[in-house]
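**Student:** So that you have it, the file is work.cif, and it contains mmCIF, C-alpha atoms:
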data_model
#
loop_
_atom_site.label_atom_id
_atom_site.label_comp_id
_atom_site.auth_asym_id
_atom_site.auth_seq_id
_atom_site.Cartn_x
_atom_site.Cartn_y
_atom_site.Cartn_z
CA MET F 1 4.58 -16.28 31.50
CA ILE F 2 6.78 -13.40 30.38
CA ASP F 3 5.02 -10.20 29.33
CA LEU F 4 6.23 -9.33 25.81
CA THR F 5 3.91 -6.34 25.39
CA THR F 6 5.59 -3.54 23.49
CA ASN F 7 4.74 -0.19 21.96
CA TYR F 8 5.37 0.34 18.26
CA LEU F 9 4.21 3.32 16.20
CA GLY F 10 2.06 4.37 19.13
CA LEU F 11 0.31 1.00 19.09
CA THR F 12 0.34 -1.54 21.89
CA LEU F 13 1.39 -4.95 20.58
CA LYS F 14 1.07 -8.16 22.58
CA ASN F 15 4.60 -9.01 21.40
CA PRO F 16 7.21 -7.47 19.11
CA ILE F 17 6.77 -10.02 16.31
CA VAL F 18 5.45 -8.22 13.22
CA ALA F 19 4.69 -10.00 9.94
CA GLY F 20 6.25 -7.75 7.31
CA SER F 21 4.91 -6.90 3.89
CA CYS F 22 5.19 -10.01 1.69
CA GLY F 23 3.16 -12.50 -0.30
CA LEU F 24 1.70 -13.98 2.89
CA THR F 25 0.28 -10.61 3.90
CA GLY F 26 -1.52 -10.04 0.61
CA ALA F 27 -4.64 -12.10 1.37
CA ALA F 28 -7.03 -11.84 4.29
CA ALA F 29 -7.22 -15.61 4.85
CA LYS F 30 -3.42 -15.93 5.11
CA ILE F 31 -3.27 -12.93 7.44
CA ALA F 32 -5.88 -14.56 9.69
CA GLU F 33 -3.68 -17.68 9.83
CA LEU F 34 -0.68 -15.54 10.77
CA ALA F 35 -2.70 -13.84 13.51
CA GLU F 36 -3.63 -17.24 14.94
CA THR F 37 0.08 -18.06 15.30
CA GLY F 38 0.43 -15.16 17.72
CA ILE F 39 2.06 -12.31 15.81
CA GLY F 40 1.81 -8.87 17.39
CA ALA F 41 0.92 -6.94 14.21
CA VAL F 42 0.85 -7.30 10.45
CA VAL F 43 2.10 -5.09 7.62
CA LEU F 44 -0.08 -5.65 4.56
CA LYS F 45 1.51 -6.40 1.21
CA SER F 46 2.48 -3.06 -0.30
CA LEU F 47 0.41 -1.12 -2.78
CA PHE F 48 2.84 0.11 -5.44
CA GLU F 49 2.12 3.53 -6.90
CA GLU F 50 4.35 2.76 -9.89
CA GLN F 51 2.25 -0.32 -10.66
CA ILE F 52 -0.91 1.79 -10.62
CA GLU F 53 0.76 4.36 -12.87
CA ALA F 54 1.95 1.66 -15.31
CA GLU F 55 -1.54 0.18 -15.48
CA LEU F 56 -2.93 3.68 -15.95
CA GLN F 57 -0.56 4.37 -18.83
CA GLN F 58 -1.45 1.06 -20.48
CA ASN F 59 -5.16 1.80 -20.18
CA LEU F 60 -4.70 5.32 -21.52
CA ASP F 61 -2.69 3.99 -24.45
CA ASP F 62 -5.47 1.51 -25.21
CA TYR F 63 -8.23 4.14 -25.20
CA GLN F 64 -6.40 7.25 -26.39
CA THR F 65 -6.88 6.73 -30.11
CA ASP F 66 -10.30 5.09 -30.08
CA TYR F 67 -11.98 7.06 -27.31
CA PRO F 68 -10.22 10.35 -26.56
CA ASP F 69 -13.28 11.54 -24.60
CA ALA F 70 -12.75 8.73 -22.10
CA TYR F 71 -9.28 9.94 -21.00
CA ASP F 72 -10.33 11.48 -17.67
CA TYR F 73 -12.72 8.66 -16.85
CA VAL F 74 -10.14 5.94 -17.56
CA LYS F 75 -7.52 7.82 -15.56
CA GLN F 76 -9.74 8.12 -12.48
CA TYR F 77 -11.22 4.62 -12.80
CA THR F 78 -7.81 2.95 -13.00
CA ARG F 79 -6.52 4.72 -9.89
CA ASP F 80 -9.73 4.18 -7.94
CA SER F 81 -9.95 0.50 -8.87
CA ALA F 82 -6.49 -0.38 -7.55
CA VAL F 83 -6.98 1.58 -4.35
CA THR F 84 -10.50 0.21 -3.80
CA ASP F 85 -9.19 -3.36 -3.88
CA TYR F 86 -6.59 -2.46 -1.24
CA LEU F 87 -9.18 -0.66 0.93
CA ASP F 88 -11.44 -3.72 0.72
CA MET F 89 -8.56 -5.89 1.91
CA ILE F 90 -7.91 -3.56 4.88
CA ARG F 91 -11.59 -3.73 5.88
CA ASP F 92 -11.72 -7.51 5.48
CA VAL F 93 -8.55 -8.05 7.51
CA LYS F 94 -9.75 -5.74 10.30
CA LYS F 95 -12.95 -7.81 10.60
CA ARG F 96 -10.99 -11.07 10.87
CA ILE F 97 -8.20 -10.22 13.31
CA ASP F 98 -7.73 -8.29 16.54
CA ILE F 99 -4.11 -7.16 16.12
CA PRO F 100 -2.89 -3.90 14.57
CA VAL F 101 -3.00 -3.74 10.78
CA ILE F 102 -0.37 -1.59 9.10
CA ALA F 103 -1.01 -0.58 5.48
CA SER F 104 2.03 -0.27 3.21
CA LEU F 105 2.53 2.07 0.28
CA ASN F 106 5.45 2.29 -2.12
CA CYS F 107 5.36 5.69 -3.78
CA VAL F 108 7.38 7.36 -6.50
CA THR F 109 5.71 10.77 -6.72
CA ALA F 110 4.56 13.41 -4.30
CA ASP F 111 1.17 13.58 -5.99
CA GLU F 112 -1.09 10.74 -4.90
CA TRP F 113 0.28 9.11 -1.77
CA THR F 114 -1.24 11.60 0.67
CA SER F 115 -4.74 10.87 -0.63
CA TYR F 116 -4.06 7.13 -0.40
CA ALA F 117 -2.91 7.53 3.20
CA GLY F 118 -6.16 9.20 4.24
CA LYS F 119 -8.19 6.47 2.55
CA PHE F 120 -6.19 3.74 4.30
CA GLU F 121 -6.88 5.38 7.65
CA LYS F 122 -10.62 5.63 6.94
CA ALA F 123 -10.67 1.96 5.93
CA GLY F 124 -9.30 1.03 9.36
CA ALA F 125 -5.53 0.78 9.01
CA ASP F 126 -3.89 1.36 12.38
CA ALA F 127 -0.69 2.77 10.86
CA LEU F 128 0.99 3.32 7.52
CA GLU F 129 4.38 2.21 6.27
CA ILE F 130 5.55 4.52 3.47
CA ASN F 131 8.41 3.54 1.18
CA ILE F 132 9.50 6.46 -0.95
CA SER F 133 11.82 5.56 -3.77
CA LEU F 134 12.37 6.37 -7.38
CA LEU F 135 14.39 3.69 -9.08
CA PRO F 136 17.07 5.41 -11.19
CA SER F 137 16.35 3.41 -14.33
CA ASN F 138 16.94 5.93 -17.11
CA PRO F 139 20.62 5.74 -18.19
CA LYS F 140 20.28 9.05 -20.05
CA LYS F 141 19.27 10.92 -16.91
CA GLU F 142 21.96 12.54 -14.76
CA CYS F 143 22.32 11.34 -11.16
CA ASP F 144 21.79 14.87 -9.89
CA SER F 145 18.26 14.95 -11.28
CA TYR F 146 17.29 11.95 -9.13
CA GLU F 147 18.92 13.49 -6.07
CA GLN F 148 16.94 16.71 -6.56
CA ILE F 149 13.69 14.77 -6.32
CA TYR F 150 14.51 13.85 -2.74
#
Can you give me the file's structure in the form of structure tokens?
**Tutor:**
Amino acid sequence: MIDLTTNYLGLTLKNPIVAGSCGLTGAAAKIAELAETGIGAVVLKSLFEEQIEAELQQNLDDYQTDYPDAYDYVKQYTRDSAVTDYLDMIRDVKKRIDIPVIASLNCVTADEWTSYAGKFEKAGADALEINISLLPSNPKKECDSYEQIY
């Protein structure tokens, strides 16, 4: 049999077939099925920083008028909750499969992603895919302002 072993991101893969971030890689059971088919590694479904921030803003809007004292708690709880679910998935997947697990993070700010990266590593992720993008969605904002961010 042909040896398809390859190195990717400093990891040794039994073959170069990597399941990319998608709906199939968002659940541990599906990932285990993919691993059984012989893939060399898996990229988990991405955690989106902008989704966490949108949920945070919604939660803050809900509590701001009724419970202004809860602002800091709600802010931290919302962020921690989303990340904790992702960390639990990393741990669960690592228990089920014996191929490299690559966490994936879509980030829009320079603020939080570094702390997420460290947490992913501690949870057992073998590598991290980082997608940095800020969707230019405000028609009143000049193009230059988006370019300055990068």
**Student:** Give me the result of the PyMOL selection byres ((chain F and resi 123-128) around 6) on this file, residue by residue, as a PyMOL selection string.
**Tutor:** chain F and resi 87+91+100-104+120-122+129
**Student:** Can I get the selection written as a PDB file, in the coordinates of the input, with C-alpha atoms?
**Tutor:**
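again37.pdb, written as the output of this step:
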ATOM      1  CA  LEU F  87      -9.180  -0.660   0.930  1.00  0.00           C
ATOM      2  CA  ARG F  91     -11.590  -3.730   5.880  1.00  0.00           C
ATOM      3  CA  PRO F 100      -2.890  -3.900  14.570  1.00  0.00           C
ATOM      4  CA  VAL F 101      -3.000  -3.740  10.780  1.00  0.00           C
ATOM      5  CA  ILE F 102      -0.370  -1.590   9.100  1.00  0.00           C
ATOM      6  CA  ALA F 103      -1.010  -0.580   5.480  1.00  0.00           C
ATOM      7  CA  SER F 104       2.030  -0.270   3.210  1.00  0.00           C
ATOM      8  CA  PHE F 120      -6.190   3.740   4.300  1.00  0.00           C
ATOM      9  CA  GLU F 121      -6.880   5.380   7.650  1.00  0.00           C
ATOM     10  CA  LYS F 122     -10.620   5.630   6.940  1.00  0.00           C
ATOM     11  CA  GLU F 129       4.380   2.210   6.270  1.00  0.00           C
TER      12      GLU F 129
END
**Student:** For this structure, which residues satisfy the selection - the PyMOL selection byres ((chain F and resi 41-45) around 10) - when it is evaluated on the file as given? I want them as a PDB file with C-alpha atoms, keeping the file's coordinate frame.
**Tutor:**
ATOM      1  CA  TYR F   8       5.370   0.340  18.260  1.00  0.00           C
ATOM      2  CA  LEU F  11       0.310   1.000  19.090  1.00  0.00           C
ATOM      3  CA  THR F  12       0.340  -1.540  21.890  1.00  0.00           C
ATOM      4  CA  LEU F  13       1.390  -4.950  20.580  1.00  0.00           C
ATOM      5  CA  LYS F  14       1.070  -8.160  22.580  1.00  0.00           C
ATOM      6  CA  ASN F  15       4.600  -9.010  21.400  1.00  0.00           C
ATOM      7  CA  PRO F  16       7.210  -7.470  19.110  1.00  0.00           C
ATOM      8  CA  ILE F  17       6.770 -10.020  16.310  1.00  0.00           C
ATOM      9  CA  VAL F  18       5.450  -8.220  13.220  1.00  0.00           C
ATOM     10  CA  ALA F  19       4.690 -10.000   9.940  1.00  0.00           C
ATOM     11  CA  GLY F  20       6.250  -7.750   7.310  1.00  0.00           C
ATOM     12  CA  SER F  21       4.910  -6.900   3.890  1.00  0.00           C
ATOM     13  CA  CYS F  22       5.190 -10.010   1.690  1.00  0.00           C
ATOM     14  CA  GLY F  23       3.160 -12.500  -0.300  1.00  0.00           C
ATOM     15  CA  LEU F  24       1.700 -13.980   2.890  1.00  0.00           C
ATOM     16  CA  THR F  25       0.280 -10.610   3.900  1.00  0.00           C
ATOM     17  CA  GLY F  26      -1.520 -10.040   0.610  1.00  0.00           C
ATOM     18  CA  ALA F  27      -4.640 -12.100   1.370  1.00  0.00           C
ATOM     19  CA  ALA F  28      -7.030 -11.840   4.290  1.00  0.00           C
ATOM     20  CA  ILE F  31      -3.270 -12.930   7.440  1.00  0.00           C
ATOM     21  CA  ALA F  32      -5.880 -14.560   9.690  1.00  0.00           C
ATOM     22  CA  LEU F  34      -0.680 -15.540  10.770  1.00  0.00           C
ATOM     23  CA  ALA F  35      -2.700 -13.840  13.510  1.00  0.00           C
ATOM     24  CA  GLY F  38       0.430 -15.160  17.720  1.00  0.00           C
ATOM     25  CA  ILE F  39       2.060 -12.310  15.810  1.00  0.00           C
ATOM     26  CA  GLY F  40       1.810  -8.870  17.390  1.00  0.00           C
ATOM     27  CA  SER F  46       2.480  -3.060  -0.300  1.00  0.00           C
ATOM     28  CA  LEU F  47       0.410  -1.120  -2.780  1.00  0.00           C
ATOM     29  CA  PHE F  48       2.840   0.110  -5.440  1.00  0.00           C
ATOM     30  CA  TYR F  86      -6.590  -2.460  -1.240  1.00  0.00           C
ATOM     31  CA  MET F  89      -8.560  -5.890   1.910  1.00  0.00           C
ATOM     32  CA  ILE F  90      -7.910  -3.560   4.880  1.00  0.00           C
ATOM     33  CA  VAL F  93      -8.550  -8.050   7.510  1.00  0.00           C
ATOM     34  CA  ILE F  97      -8.200 -10.220  13.310  1.00  0.00           C
ATOM     35  CA  ASP F  98      -7.730  -8.290  16.540  1.00  0.00           C
ATOM     36  CA  ILE F  99      -4.110  -7.160  16.120  1.00  0.00           C
ATOM     37  CA  PRO F 100      -2.890  -3.900  14.570  1.00  0.00           C
ATOM     38  CA  VAL F 101      -3.000  -3.740  10.780  1.00  0.00           C
ATOM     39  CA  ILE F 102      -0.370  -1.590   9.100  1.00  0.00           C
ATOM     40  CA  ALA F 103      -1.010  -0.580   5.480  1.00  0.00           C
ATOM     41  CA  SER F 104       2.030  -0.270   3.210  1.00  0.00           C
ATOM     42  CA  LEU F 105       2.530   2.070   0.280  1.00  0.00           C
ATOM     43  CA  ALA F 125      -5.530   0.780   9.010  1.00  0.00           C
ATOM     44  CA  ASP F 126      -3.890   1.360  12.380  1.00  0.00           C
ATOM     45  CA  ALA F 127      -0.690   2.770  10.860  1.00  0.00           C
ATOM     46  CA  LEU F 128       0.990   3.320   7.520  1.00  0.00           C
ATOM     47  CA  GLU F 129       4.380   2.210   6.270  1.00  0.00           C
TER      48      GLU F 129
END
**Student:** Using Å and a single decimal, report how far CA of Arg96 (chain F) sits from CA of Glu49 (chain F).
**Tutor:**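 Taking CA of Glu49 (chain F) as the start and CA of Arg96 (chain F) as the end point, the length is 26.5 Å.
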**Student:** CA of Leu135 (chain F) to CA of Tyr116 (chain F): how many Å, to one decimal?
**Tutor:**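 Between these atoms lies a distance of 20.7 Å.
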**Student:** Excluding region 108-110 of chain F and residues on its chain fewer than 4 positions from it, collect all residues at most 7 Å away from it, counting all atoms listed in the file, and give them as a list in words.
**Tutor:**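 Here the qualifying residues turn out to be Glu49, Glu50, Ile132, Ser133 and Leu134 of chain F.
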**Student:** Using all atoms listed in the file, which of the listed residues (F:Glu53, F:Asp88, F:Lys141, F:Ile130) sits closest to Ala117 (chain F)?
**Tutor:**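 Of F:Glu53, F:Asp88, F:Lys141, F:Ile130, the one nearest Ala117 (chain F), counting all atoms listed in the file, is F:Ile130.
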**Student:** Which residue gives the smallest distance to Asp85 (chain F) among F:Ser137, F:Cys107, F:Thr114, F:Ile52, with only C-alpha atoms counted?
**Tutor:**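 Going through F:Ser137, F:Cys107, F:Thr114, F:Ile52 one by one, the smallest distance to Asp85 (chain F) is for F:Ile52.
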**Student:** Suppose you want the space between CA of Asn138 (chain F) and CA of Gln51 (chain F); what is it in Å?
**Tutor:** 17.2 Å
**Student:** Would you mind telling me which residue in F:Ile2, F:Ser145, F:Asn7, F:Ala29 lies nearest to Asp92 (chain F) when using all atoms listed in the file?
**Tutor:**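 Ranking F:Ile2, F:Ser145, F:Asn7, F:Ala29 by distance to Asp92 (chain F), first place goes to F:Ala29.
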**Student:** Could you check the closest approach to Ser115 (chain F) for each of F:Val83, F:Gln148, F:Lys30, F:Asp3 and tell me which residue wins, using only C-alpha atoms?
**Tutor:** F:Val83
